[in-house]
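**Student:** My structure file entry24.cif, mmCIF, C-alpha atoms, is below:
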data_protein
#
loop_
_atom_site.group_PDB
_atom_site.id
_atom_site.type_symbol
_atom_site.label_atom_id
_atom_site.label_comp_id
_atom_site.auth_asym_id
_atom_site.auth_seq_id
_atom_site.Cartn_x
_atom_site.Cartn_y
_atom_site.Cartn_z
ATOM 1 C CA ARG C 160 -12.968 -20.631 -19.403
ATOM 2 C CA GLY C 161 -9.449 -20.466 -18.060
ATOM 3 C CA ILE C 162 -7.820 -17.136 -17.405
ATOM 4 C CA LYS C 163 -5.629 -17.533 -20.466
ATOM 5 C CA GLN C 164 -8.736 -17.191 -22.648
ATOM 6 C CA ILE C 165 -9.756 -13.802 -21.237
ATOM 7 C CA ASN C 166 -10.328 -11.142 -23.874
ATOM 8 C CA PHE C 167 -10.229 -7.802 -22.081
ATOM 9 C CA LEU C 168 -12.034 -5.983 -24.861
ATOM 10 C CA VAL C 169 -15.059 -8.228 -24.359
ATOM 11 C CA TYR C 170 -15.778 -8.122 -20.682
ATOM 12 C CA PHE C 171 -15.302 -4.544 -19.604
ATOM 13 C CA GLY C 172 -18.863 -3.721 -20.594
ATOM 14 C CA ASN C 173 -20.232 -0.208 -21.057
ATOM 15 C CA SER C 174 -22.409 2.395 -19.392
ATOM 16 C CA SER C 175 -25.594 0.812 -20.699
ATOM 17 C CA SER C 176 -25.217 -2.268 -18.523
ATOM 18 C CA ALA C 177 -24.804 -2.878 -14.792
ATOM 19 C CA PHE C 178 -23.127 -6.199 -15.537
ATOM 20 C CA VAL C 179 -19.654 -4.781 -15.922
ATOM 21 C CA TYR C 180 -17.904 -6.752 -13.189
ATOM 22 C CA LEU C 181 -16.533 -10.223 -13.653
ATOM 23 C CA PHE C 182 -16.009 -12.920 -11.107
ATOM 24 C CA ILE C 183 -12.911 -14.949 -11.888
ATOM 25 C CA SER C 184 -11.149 -17.899 -10.361
ATOM 26 C CA ARG C 185 -8.313 -20.012 -11.677
ATOM 27 C CA ASN C 186 -10.649 -21.992 -13.918
ATOM 28 C CA LYS C 187 -13.766 -19.915 -14.270
ATOM 29 C CA MET C 188 -14.962 -16.450 -15.055
ATOM 30 C CA GLU C 189 -18.453 -15.074 -15.265
ATOM 31 C CA LYS C 190 -20.317 -11.804 -15.180
ATOM 32 C CA THR C 191 -21.691 -10.661 -11.868
ATOM 33 C CA ASN C 192 -24.063 -7.841 -11.041
ATOM 34 C CA LEU C 193 -22.233 -4.717 -9.933
ATOM 35 C CA GLY C 194 -25.125 -3.549 -7.782
ATOM 36 C CA LYS C 195 -25.190 -6.804 -5.826
ATOM 37 C CA LEU C 196 -21.439 -6.618 -5.385
ATOM 38 C CA VAL C 197 -21.747 -3.170 -3.797
ATOM 39 C CA GLU C 198 -24.450 -4.499 -1.473
ATOM 40 C CA ASN C 199 -22.217 -7.346 -0.309
ATOM 41 C CA TYR C 200 -19.508 -5.154 1.258
ATOM 42 C CA ASP C 201 -19.474 -2.440 3.921
ATOM 43 C CA TYR C 202 -15.782 -1.526 3.730
ATOM 44 C CA PHE C 203 -13.945 -0.717 0.527
ATOM 45 C CA MET C 204 -10.172 -0.667 1.109
ATOM 46 C CA VAL C 205 -8.815 1.312 -1.804
ATOM 47 C CA ASP C 206 -5.223 1.725 -2.929
ATOM 48 C CA LEU C 207 -4.246 5.186 -4.185
ATOM 49 C CA ASP C 208 -1.490 5.101 -6.824
ATOM 50 C CA GLY C 209 -2.831 3.525 -9.999
ATOM 51 C CA VAL C 210 -6.371 3.264 -8.604
ATOM 52 C CA VAL C 211 -7.504 6.734 -7.484
ATOM 53 C CA TRP C 212 -4.772 8.818 -9.076
ATOM 54 C CA GLU C 213 -1.663 8.783 -11.216
ATOM 55 C CA ILE C 214 1.138 11.283 -10.553
ATOM 56 C CA GLY C 215 -1.232 13.383 -8.438
ATOM 57 C CA SER C 216 -4.031 13.605 -11.022
ATOM 58 C CA PRO C 217 -7.306 11.712 -10.466
ATOM 59 C CA LEU C 218 -8.014 8.834 -12.811
ATOM 60 C CA PRO C 219 -11.215 9.134 -14.892
ATOM 61 C CA GLY C 220 -14.336 8.560 -12.802
ATOM 62 C CA ALA C 221 -12.424 7.623 -9.635
ATOM 63 C CA ILE C 222 -13.596 10.469 -7.398
ATOM 64 C CA GLU C 223 -17.156 10.150 -8.691
ATOM 65 C CA ALA C 224 -17.063 6.432 -7.887
ATOM 66 C CA LEU C 225 -15.829 7.080 -4.345
ATOM 67 C CA ASN C 226 -18.590 9.618 -3.766
ATOM 68 C CA PHE C 227 -21.157 7.166 -5.124
ATOM 69 C CA LEU C 228 -20.008 4.411 -2.758
ATOM 70 C CA LYS C 229 -20.021 6.845 0.150
ATOM 71 C CA SER C 230 -23.588 7.910 -0.745
ATOM 72 C CA LYS C 231 -24.571 4.251 -0.356
ATOM 73 C CA GLY C 232 -23.261 4.241 3.219
ATOM 74 C CA LYS C 233 -20.028 2.439 2.382
ATOM 75 C CA GLN C 234 -16.886 3.133 4.371
ATOM 76 C CA ILE C 235 -13.923 4.075 2.182
ATOM 77 C CA ILE C 236 -10.527 3.299 3.692
ATOM 78 C CA PHE C 237 -7.414 4.234 1.796
ATOM 79 C CA LEU C 238 -4.467 1.844 2.101
ATOM 80 C CA THR C 239 -1.170 2.915 0.616
ATOM 81 C CA ASN C 240 2.370 1.617 0.806
ATOM 82 C CA ASN C 241 3.497 5.202 0.241
ATOM 83 C CA SER C 242 5.481 6.084 3.373
ATOM 84 C CA PHE C 243 6.822 9.440 2.215
ATOM 85 C CA ARG C 244 3.730 11.622 2.596
ATOM 86 C CA THR C 245 1.879 12.399 5.817
ATOM 87 C CA ARG C 246 -1.733 11.351 6.219
ATOM 88 C CA GLU C 247 -2.761 15.000 6.525
ATOM 89 C CA ASP C 248 -1.065 15.734 3.214
ATOM 90 C CA ILE C 249 -2.878 12.836 1.545
ATOM 91 C CA LYS C 250 -6.186 14.015 3.042
ATOM 92 C CA LYS C 251 -5.674 17.488 1.546
ATOM 93 C CA THR C 252 -4.878 16.011 -1.872
ATOM 94 C CA ILE C 253 -7.970 13.766 -1.908
ATOM 95 C CA GLU C 254 -10.245 16.557 -0.715
ATOM 96 C CA LYS C 255 -8.865 18.951 -3.318
ATOM 97 C CA MET C 256 -9.909 16.362 -5.918
ATOM 98 C CA GLY C 257 -13.450 16.364 -4.540
ATOM 99 C CA PHE C 258 -13.758 13.580 -1.958
ATOM 100 C CA SER C 259 -14.116 14.327 1.749
ATOM 101 C CA VAL C 260 -12.226 11.943 4.033
ATOM 102 C CA GLU C 261 -11.175 11.746 7.669
ATOM 103 C CA VAL C 262 -7.541 11.094 8.567
ATOM 104 C CA SER C 263 -8.736 8.030 10.489
ATOM 105 C CA HIS C 264 -9.701 6.499 7.130
ATOM 106 C CA ILE C 265 -6.205 6.892 5.655
ATOM 107 C CA PHE C 266 -3.720 4.127 6.417
ATOM 108 C CA THR C 267 -0.177 4.703 5.150
ATOM 109 C CA SER C 268 2.695 2.266 5.581
ATOM 110 C CA SER C 269 4.467 4.858 7.756
ATOM 111 C CA TYR C 270 1.450 5.050 10.097
ATOM 112 C CA LEU C 271 1.308 1.266 10.146
ATOM 113 C CA ALA C 272 5.015 0.984 10.955
ATOM 114 C CA ALA C 273 4.784 3.599 13.713
ATOM 115 C CA LYS C 274 1.800 1.896 15.356
ATOM 116 C CA ASN C 275 3.551 -1.478 15.352
ATOM 117 C CA ILE C 276 6.894 -0.138 16.551
ATOM 118 C CA SER C 277 5.110 1.683 19.394
ATOM 119 C CA LYS C 278 4.009 -1.725 20.708
ATOM 120 C CA ASN C 279 7.662 -2.335 21.624
ATOM 121 C CA PRO C 280 8.225 0.010 24.611
ATOM 122 C CA GLU C 281 11.930 -0.828 24.676
ATOM 123 C CA LEU C 282 12.344 0.885 21.290
ATOM 124 C CA LYS C 283 12.500 4.478 22.506
ATOM 125 C CA GLU C 284 14.588 5.830 19.629
ATOM 126 C CA VAL C 285 14.900 4.687 16.024
ATOM 127 C CA TYR C 286 17.027 5.688 13.073
ATOM 128 C CA VAL C 287 14.889 6.621 10.088
ATOM 129 C CA VAL C 288 15.669 6.171 6.426
ATOM 130 C CA GLY C 289 12.617 7.889 5.018
ATOM 131 C CA GLY C 290 10.627 11.033 4.407
ATOM 132 C CA PRO C 291 8.417 13.416 6.403
ATOM 133 C CA GLY C 292 5.527 10.960 6.583
ATOM 134 C CA LEU C 293 7.632 8.375 8.409
ATOM 135 C CA PHE C 294 9.347 10.850 10.754
ATOM 136 C CA GLY C 295 6.008 12.462 11.569
ATOM 137 C CA GLU C 296 4.098 9.269 12.315
ATOM 138 C CA LEU C 297 6.840 7.905 14.565
ATOM 139 C CA GLU C 298 7.002 11.142 16.526
ATOM 140 C CA LEU C 299 3.201 11.190 16.922
ATOM 141 C CA GLN C 300 3.542 7.786 18.600
ATOM 142 C CA GLY C 301 6.066 9.227 21.064
ATOM 143 C CA ILE C 302 9.084 7.593 19.417
ATOM 144 C CA LYS C 303 12.263 9.652 19.231
ATOM 145 C CA THR C 304 13.833 9.705 15.767
ATOM 146 C CA SER C 305 17.200 10.490 14.231
ATOM 147 C CA GLY C 306 18.586 10.460 10.709
ATOM 148 C CA SER C 307 17.008 13.595 9.263
ATOM 149 C CA GLU C 308 20.359 15.391 9.469
ATOM 150 C CA ASP C 309 22.244 12.726 7.498
ATOM 151 C CA GLY C 310 20.852 13.410 4.032
ATOM 152 C CA PRO C 311 23.633 15.704 2.810
ATOM 153 C CA LYS C 312 26.483 13.818 4.509
ATOM 154 C CA PHE C 313 29.395 12.645 2.406
ATOM 155 C CA MET C 314 31.442 9.721 3.680
ATOM 156 C CA GLY C 315 35.150 9.747 2.951
ATOM 157 C CA GLU C 316 37.638 6.879 3.272
ATOM 158 C CA ASP C 317 38.937 8.212 6.595
ATOM 159 C CA GLU C 318 35.519 7.587 8.145
ATOM 160 C CA PHE C 319 35.343 3.889 7.278
ATOM 161 C CA HIS C 320 36.965 2.843 10.559
ATOM 162 C CA THR C 321 35.418 5.503 12.796
ATOM 163 C CA LEU C 322 31.734 4.952 12.100
ATOM 164 C CA SER C 323 30.179 4.235 15.485
ATOM 165 C CA PRO C 324 26.367 4.138 15.712
ATOM 166 C CA ASP C 325 24.884 5.231 19.026
ATOM 167 C CA PRO C 326 24.017 2.100 21.055
ATOM 168 C CA ASN C 327 20.817 3.872 22.165
ATOM 169 C CA LEU C 328 19.555 3.525 18.607
ATOM 170 C CA GLN C 329 17.814 0.186 18.936
ATOM 171 C CA ALA C 330 16.063 -0.007 15.579
ATOM 172 C CA VAL C 331 16.162 1.230 11.997
ATOM 173 C CA VAL C 332 13.055 1.683 9.887
ATOM 174 C CA VAL C 333 13.316 2.150 6.135
ATOM 175 C CA GLY C 334 10.873 3.835 3.759
ATOM 176 C CA LEU C 335 11.176 5.852 0.584
ATOM 177 C CA ASP C 336 14.078 8.283 0.983
ATOM 178 C CA PRO C 337 15.215 10.452 -1.948
ATOM 179 C CA SER C 338 18.207 11.554 0.173
ATOM 180 C CA PHE C 339 19.475 8.003 0.681
ATOM 181 C CA ASN C 340 23.278 7.923 0.390
ATOM 182 C CA TYR C 341 26.374 5.893 1.146
ATOM 183 C CA TYR C 342 26.671 7.349 4.642
ATOM 184 C CA LYS C 343 23.176 6.204 5.585
ATOM 185 C CA LEU C 344 23.815 2.786 4.072
ATOM 186 C CA SER C 345 27.015 2.399 6.092
ATOM 187 C CA PHE C 346 25.437 3.730 9.274
ATOM 188 C CA VAL C 347 22.391 1.447 9.288
ATOM 189 C CA THR C 348 24.433 -1.567 8.175
ATOM 190 C CA ASN C 349 26.628 -1.141 11.248
ATOM 191 C CA MET C 350 23.592 -0.581 13.450
ATOM 192 C CA ILE C 351 22.155 -3.907 12.301
ATOM 193 C CA VAL C 352 25.387 -5.921 12.300
ATOM 194 C CA ARG C 353 27.351 -4.447 15.230
ATOM 195 C CA ASN C 354 24.537 -3.236 17.496
ATOM 196 C CA ASN C 355 22.051 -5.971 16.605
ATOM 197 C CA ALA C 356 19.435 -3.288 15.986
ATOM 198 C CA LYS C 357 15.985 -4.345 14.797
ATOM 199 C CA PHE C 358 15.450 -3.821 11.075
ATOM 200 C CA PHE C 359 11.994 -2.751 9.852
ATOM 201 C CA SER C 360 10.644 -1.679 6.476
ATOM 202 C CA THR C 361 7.490 0.290 5.735
ATOM 203 C CA ASN C 362 7.111 -1.537 2.431
ATOM 204 C CA GLN C 363 9.143 -3.425 -0.136
ATOM 205 C CA ASP C 364 7.841 -1.949 -3.377
ATOM 206 C CA THR C 365 10.898 -2.040 -5.610
ATOM 207 C CA ALA C 366 9.685 0.585 -8.080
ATOM 208 C CA ILE C 367 7.022 3.267 -8.456
ATOM 209 C CA ARG C 368 5.432 4.106 -11.772
ATOM 210 C CA ALA C 369 5.475 7.792 -12.698
ATOM 211 C CA GLY C 370 3.790 8.039 -16.076
ATOM 212 C CA SER C 371 5.984 6.147 -18.517
ATOM 213 C CA TYR C 372 8.887 6.092 -16.047
ATOM 214 C CA LEU C 373 9.835 3.825 -13.168
ATOM 215 C CA ILE C 374 11.611 5.259 -10.136
ATOM 216 C CA PRO C 375 13.178 3.173 -7.338
ATOM 217 C CA GLY C 376 10.844 2.536 -4.429
ATOM 218 C CA ALA C 377 11.497 1.873 -0.746
ATOM 219 C CA GLY C 378 12.002 -1.803 -1.548
ATOM 220 C CA ALA C 379 15.094 -0.965 -3.590
ATOM 221 C CA LEU C 380 16.646 0.705 -0.529
ATOM 222 C CA VAL C 381 15.565 -2.146 1.748
ATOM 223 C CA ALA C 382 17.138 -4.708 -0.606
ATOM 224 C CA THR C 383 20.408 -2.749 -0.630
ATOM 225 C CA ILE C 384 20.558 -2.714 3.174
ATOM 226 C CA GLU C 385 19.609 -6.395 3.345
ATOM 227 C CA LYS C 386 22.431 -7.219 0.961
ATOM 228 C CA ALA C 387 24.963 -5.142 2.900
ATOM 229 C CA SER C 388 23.955 -6.401 6.355
ATOM 230 C CA GLY C 389 23.019 -9.975 5.504
ATOM 231 C CA LYS C 390 19.798 -9.523 7.515
ATOM 232 C CA LYS C 391 16.174 -9.506 6.348
ATOM 233 C CA ALA C 392 13.855 -6.661 7.251
ATOM 234 C CA ILE C 393 10.545 -7.145 9.034
ATOM 235 C CA ASN C 394 8.087 -5.677 6.554
ATOM 236 C CA PHE C 395 4.869 -3.973 7.673
ATOM 237 C CA GLY C 396 3.310 -2.862 4.384
ATOM 238 C CA LYS C 397 1.413 -4.796 1.744
ATOM 239 C CA PRO C 398 1.472 -7.729 1.012
ATOM 240 C CA GLU C 399 1.885 -8.507 4.728
ATOM 241 C CA PRO C 400 -1.439 -8.625 6.642
ATOM 242 C CA TYR C 401 -0.601 -5.907 9.208
ATOM 243 C CA PHE C 402 -2.930 -3.357 7.573
ATOM 244 C CA ILE C 403 -5.968 -5.569 8.190
ATOM 245 C CA GLN C 404 -4.938 -6.115 11.809
ATOM 246 C CA LEU C 405 -4.681 -2.362 12.360
ATOM 247 C CA PHE C 406 -8.051 -1.867 10.655
ATOM 248 C CA GLN C 407 -9.676 -4.366 13.007
ATOM 249 C CA GLU C 408 -8.107 -2.680 16.029
ATOM 250 C CA GLU C 409 -9.230 0.806 15.046
ATOM 251 C CA PHE C 410 -12.645 0.052 13.504
ATOM 252 C CA LYS C 411 -13.573 -2.755 15.917
ATOM 253 C CA GLU C 412 -14.720 -4.884 12.983
ATOM 254 C CA LYS C 413 -14.515 -8.662 13.270
ATOM 255 C CA ASP C 414 -16.373 -9.742 10.128
ATOM 256 C CA LEU C 415 -13.839 -9.615 7.292
ATOM 257 C CA LYS C 416 -16.467 -10.872 4.840
ATOM 258 C CA LYS C 417 -17.668 -7.263 4.736
ATOM 259 C CA VAL C 418 -14.305 -6.049 3.385
ATOM 260 C CA LEU C 419 -13.250 -5.670 -0.256
ATOM 261 C CA VAL C 420 -9.693 -4.662 -1.182
ATOM 262 C CA ILE C 421 -9.318 -2.748 -4.462
ATOM 263 C CA GLY C 422 -5.848 -2.356 -5.961
ATOM 264 C CA ASP C 423 -3.812 -2.383 -9.146
ATOM 265 C CA ASN C 424 -0.903 -4.611 -8.132
ATOM 266 C CA LEU C 425 -1.077 -8.404 -7.955
ATOM 267 C CA LYS C 426 2.097 -8.725 -5.886
ATOM 268 C CA THR C 427 1.112 -6.196 -3.219
ATOM 269 C CA ASP C 428 -2.615 -5.357 -3.141
ATOM 270 C CA ILE C 429 -4.056 -8.705 -4.192
ATOM 271 C CA LEU C 430 -1.501 -10.805 -2.330
ATOM 272 C CA PHE C 431 -2.192 -8.671 0.745
ATOM 273 C CA ALA C 432 -5.889 -9.514 0.445
ATOM 274 C CA HIS C 433 -5.035 -13.210 0.135
ATOM 275 C CA ASN C 434 -2.780 -13.048 3.204
ATOM 276 C CA ALA C 435 -5.443 -11.146 5.143
ATOM 277 C CA LYS C 436 -8.161 -13.581 3.978
ATOM 278 C CA VAL C 437 -10.405 -10.906 2.475
ATOM 279 C CA ASP C 438 -11.935 -10.535 -0.995
ATOM 280 C CA SER C 439 -10.098 -8.537 -3.627
ATOM 281 C CA CYS C 440 -10.660 -6.696 -6.874
ATOM 282 C CA ILE C 441 -7.995 -5.631 -9.341
ATOM 283 C CA VAL C 442 -8.347 -2.609 -11.595
ATOM 284 C CA MET C 443 -6.447 -2.266 -14.853
ATOM 285 C CA THR C 444 -5.360 1.372 -14.467
ATOM 286 C CA GLY C 445 -2.028 0.734 -12.758
ATOM 287 C CA VAL C 446 0.886 -1.671 -12.924
ATOM 288 C CA THR C 447 -0.967 -4.902 -13.799
ATOM 289 C CA THR C 448 -1.312 -5.698 -17.487
ATOM 290 C CA GLU C 449 -3.540 -8.141 -19.352
ATOM 291 C CA ASN C 450 -0.591 -10.457 -19.958
ATOM 292 C CA MET C 451 0.377 -10.419 -16.293
ATOM 293 C CA LEU C 452 -3.134 -11.524 -15.336
ATOM 294 C CA LYS C 453 -3.164 -14.248 -17.964
ATOM 295 C CA GLU C 454 0.176 -15.636 -16.807
ATOM 296 C CA GLU C 455 -0.493 -15.482 -13.057
ATOM 297 C CA LYS C 456 -1.323 -18.891 -11.587
ATOM 298 C CA GLU C 457 -1.344 -18.266 -7.838
ATOM 299 C CA ILE C 458 -2.391 -14.701 -6.974
ATOM 300 C CA ILE C 459 -5.893 -14.507 -8.429
ATOM 301 C CA PRO C 460 -8.288 -11.680 -7.456
ATOM 302 C CA LYS C 461 -11.943 -12.470 -6.862
ATOM 303 C CA TYR C 462 -13.047 -9.645 -9.147
ATOM 304 C CA ILE C 463 -11.561 -7.755 -12.042
ATOM 305 C CA MET C 464 -12.649 -4.339 -13.246
ATOM 306 C CA GLU C 465 -11.456 -1.908 -15.880
ATOM 307 C CA LYS C 466 -11.181 1.026 -13.452
ATOM 308 C CA LEU C 467 -12.463 2.279 -10.120
ATOM 309 C CA GLY C 468 -14.683 4.656 -12.089
ATOM 310 C CA THR C 469 -16.774 1.666 -13.209
ATOM 311 C CA PHE C 470 -18.741 2.012 -9.951
ATOM 312 C CA GLN C 471 -19.976 5.349 -11.243
ATOM 313 C CA GLN C 472 -21.950 3.520 -13.921
ATOM 314 C CA LEU C 473 -24.487 2.449 -11.279
ATOM 315 C CA ASN C 474 -25.114 6.123 -10.634
ATOM 316 C CA LEU C 475 -25.569 6.788 -14.346
ATOM 317 C CA LEU C 476 -28.129 3.980 -14.618
ATOM 318 C CA LYS C 477 -30.559 5.437 -12.065
#
Will you turn the file into structure tokens for me?

**Tutor:**
Amino acid sequence: RGIKQINFLVYFGNSSSAFVYLFISRNKMEKTNLGKLVENYDYFMVDLDGVVWEIGSPLPGAIEALNFLKSKGKQIIFLTNNSFRTREDIKKTIEKMGFSVEVSHIFTSSYLAAKNISKNPELKEVYVVGGPGLFGELELQGIKTSGSEDGPKFMGEDEFHTLSPDPNLQAVVVGLDPSFNYYKLSFVTNMIVRNNAKFFSTNQDTAIRAGSYLIPGAGALVATIEKASGKKAINFGKPEPYFIQLFQEEFKEKDLKKVLVIGDNLKTDILFAHNAKVDSCIVMTGVTTENMLKEEKEIIPKYIMEKLGTFQQLNLLK
């Protein structure tokens, strides 16, 4: 059957059956055994927002599912485009929910950006449009940062002709920044245009879901700067494949057939998996809807599952 014929109420299954996972392709879908799926992968790369939690609260069964996979010897690696929080902060949140994790198993887009920027020794100082997670990760890599003092700045008309970015600032990196303002926009635009500074983004997620609300994401700020400067940012976060490259560097793993990406967003998580040439699974607890899946013709996950908590059903069937 084609994807347009999918009836979501039919294939999610229930706790009395281990056949709750479906394999889908552009022209075919079929049930597959959940237990065999777990056996096929050693690394489960799991997104956070919309998969593990929503607005800081764990989604039903998610933590239990993670603990089940870990009990089977699986490595859980968290991948998030969230650049605002530090990895230590995320670790504390996950552990408070009931899952023990090492910082080395948490990959944020700010950590990813910092690791990649550190490979350019000529970039000794960067201007940051972002939050504590981005500042912290850059500084841990020995990169000097500036921009934290510019949040409350107001830019008047008399400053339009006197704005002069420091030529020592050789790059700007943009993440989620609730203190983003006209001064920062003007400053980084002139860095990029007048100083030919490199322009990086941690991610290009245009919006973040917070319950029934949408709030602008880092991608909204990146798009504004791109429009003002006429230059495109080099993006590190999903859907670009940099996360998988960093994973291979740090875990010394060459066989990507052992990796499964689990996410809730076709345009970031699943496209990332496609770009990285690894298998993917979408869960229906985040931004992707039934209609979005039915209408999508190019970005097709290998598996589809109601929620991350579905893995817990294997534990219940013992």

**Student:** Write out as a ChimeraX atom specification the residues lying within 9 Å of Thr267 in chain C, counting only C-alpha atoms and excluding same-chain residues fewer than 2 positions away.

**Tutor:** /C:237-246,265,269-272,292,361,396,402

**Student:** What is the distance, in Å and to one decimal place, between CA of Phe203 in chain C and CA of Gln234 in chain C?

**Tutor:** 6.2 Å

**Student:** Could you write out as a compact mmCIF listing (two decimals) with C-alpha atoms, in the frame of the given file the residues that the PyMOL selection byres ((chain C and resi 378) around 10) matches in the shown file?

**Tutor:**
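Dumped everything to result.txt:
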# COMPACT_ATOMS: atom_id res chain seq x y z
CA VAL C 333 13.32 2.15 6.14
CA GLY C 334 10.87 3.84 3.76
CA LEU C 335 11.18 5.85 0.58
CA SER C 360 10.64 -1.68 6.48
CA THR C 361 7.49 0.29 5.74
CA ASN C 362 7.11 -1.54 2.43
CA GLN C 363 9.14 -3.42 -0.14
CA ASP C 364 7.84 -1.95 -3.38
CA THR C 365 10.90 -2.04 -5.61
CA ALA C 366 9.68 0.58 -8.08
CA ILE C 367 7.02 3.27 -8.46
CA PRO C 375 13.18 3.17 -7.34
CA GLY C 376 10.84 2.54 -4.43
CA ALA C 377 11.50 1.87 -0.75
CA ALA C 379 15.09 -0.96 -3.59
CA LEU C 380 16.65 0.70 -0.53
CA VAL C 381 15.56 -2.15 1.75
CA ALA C 382 17.14 -4.71 -0.61
CA THR C 383 20.41 -2.75 -0.63
CA ILE C 384 20.56 -2.71 3.17
CA ASN C 394 8.09 -5.68 6.55

**Student:** Suppose you want the space between CA of Leu419 in chain C and CA of Val262 in chain C; what is it in Å?

**Tutor:**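 Result for CA of Leu419 in chain C versus CA of Val262 in chain C: 19.8 Å, one decimal.
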
**Student:** Just so the selection is clear, what residues does the PyMOL selection byres ((chain C and resi 280) around 12) cover here, as a list in words?

**Tutor:**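 Applied to this file, the PyMOL selection byres ((chain C and resi 280) around 12) selects Ala273, Lys274, Asn275, Ile276, Ser277, Lys278, Asn279, Glu281, Leu282, Lys283, Glu284, Val285, Gln300, Gly301, Ile302, Lys303, Gln329 and Ala330 of chain C.
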
**Student:** Work out how far CA of Gly290 in chain C is from CA of Gly215 in chain C, in Å to one decimal.

**Tutor:**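 Atom-to-atom, CA of Gly215 in chain C to CA of Gly290 in chain C, that is 17.6 Å.
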
**Student:** Could you check which of C:Tyr372, C:Ile458, C:Ser263, C:Thr444 is closest to Pro217 in chain C, using only C-alpha atoms?

**Tutor:** C:Thr444

**Student:** Pick out the closest residue to Arg353 in chain C from this set: C:Glu454, C:Asp325, C:Glu308, C:Glu399. Count all atoms listed in the file.

**Tutor:**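 Nearest to Arg353 in chain C: C:Asp325.
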
**Student:** I'd like to know which of C:Ile429, C:Val420, C:Ile374, C:Val197 is closest to Ala224 in chain C, using all atoms listed in the file.

**Tutor:**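 Between C:Ile429, C:Val420, C:Ile374, C:Val197, the residue approaching Ala224 in chain C most closely is C:Val197.
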
**Student:** Please list as a list in words every residue within 9 Å of Phe346 in chain C, counting only C-alpha atoms and excluding residues in the same chain fewer than 3 positions away.

**Tutor:**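 So, after excluding close chain neighbours, the residues are Leu322, Ser323, Pro324, Tyr341, Tyr342, Lys343, Asn349, Met350 and Ile351 of chain C.
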
**Student:** Give me the residues near Ile214 in chain C as a PyMOL selection string, where near means some atom within 9 Å (using all atoms listed in the file) and where sequence neighbours in that chain fewer than 4 positions away do not count.

**Tutor:** chain C and resi 208-209+368-370

**Student:** Need to verify the contact set: Leu430 in chain C, 12 Å, only C-alpha atoms, exclusion of same-chain residues closer than 3 positions in sequence. Can you return it as an mmCIF file with C-alpha atoms, in the coordinates of the input?

**Tutor:**
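The resulting file, part-v1.cif, is shown below:
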data_model
loop_
_atom_site.group_PDB
_atom_site.id
_atom_site.type_symbol
_atom_site.label_atom_id
_atom_site.label_comp_id
_atom_site.auth_asym_id
_atom_site.auth_seq_id
_atom_site.Cartn_x
_atom_site.Cartn_y
_atom_site.Cartn_z
ATOM 1 C CA GLY C 396 3.310 -2.862 4.384
ATOM 2 C CA LYS C 397 1.413 -4.796 1.744
ATOM 3 C CA PRO C 398 1.472 -7.729 1.012
ATOM 4 C CA GLU C 399 1.885 -8.507 4.728
ATOM 5 C CA PRO C 400 -1.439 -8.625 6.642
ATOM 6 C CA VAL C 420 -9.693 -4.662 -1.182
ATOM 7 C CA ILE C 421 -9.318 -2.748 -4.462
ATOM 8 C CA GLY C 422 -5.848 -2.356 -5.961
ATOM 9 C CA ASP C 423 -3.812 -2.383 -9.146
ATOM 10 C CA ASN C 424 -0.903 -4.611 -8.132
ATOM 11 C CA LEU C 425 -1.077 -8.404 -7.955
ATOM 12 C CA LYS C 426 2.097 -8.725 -5.886
ATOM 13 C CA THR C 427 1.112 -6.196 -3.219
ATOM 14 C CA HIS C 433 -5.035 -13.210 0.135
ATOM 15 C CA ASN C 434 -2.780 -13.048 3.204
ATOM 16 C CA ALA C 435 -5.443 -11.146 5.143
ATOM 17 C CA LYS C 436 -8.161 -13.581 3.978
ATOM 18 C CA VAL C 437 -10.405 -10.906 2.475
ATOM 19 C CA ASP C 438 -11.935 -10.535 -0.995
ATOM 20 C CA SER C 439 -10.098 -8.537 -3.627
ATOM 21 C CA CYS C 440 -10.660 -6.696 -6.874
ATOM 22 C CA ILE C 441 -7.995 -5.631 -9.341
ATOM 23 C CA GLU C 455 -0.493 -15.482 -13.057
ATOM 24 C CA GLU C 457 -1.344 -18.266 -7.838
ATOM 25 C CA ILE C 458 -2.391 -14.701 -6.974
ATOM 26 C CA ILE C 459 -5.893 -14.507 -8.429
ATOM 27 C CA PRO C 460 -8.288 -11.680 -7.456
ATOM 28 C CA LYS C 461 -11.943 -12.470 -6.862
#

**Student:** Provide an axis-aligned box for all listed atoms of range 283-289 of chain C, padding each side by 6 Å; report its centre and its edge lengths in Å to one decimal, as AutoDock Vina command-line options.

**Tutor:**
--center_x 14.8 --center_y 6.2 --center_z 13.8 --size_x 16.5 --size_y 15.4 --size_z 29.5

**Student:** For the structure shown, which residues end up in the PyMOL selection byres ((chain C and resi 417) around 6)? Put them as a list in words, please?

**Tutor:**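 In the shown coordinates, the PyMOL selection byres ((chain C and resi 417) around 6) covers Tyr200, Asp201, Leu415, Lys416 and Val418 of chain C.
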
**Student:** Using all atoms listed in the file, which protein or nucleic acid residues come within 9 Å of Lys390 in chain C? Drop anything in the same chain fewer than 3 positions from it, and give the result as a list of chain:residue names.

**Tutor:**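 In the requested form, the answer reads C:Ile351, C:Val352, C:Phe358, C:Ile384, C:Glu385, C:Lys386, C:Ala387.
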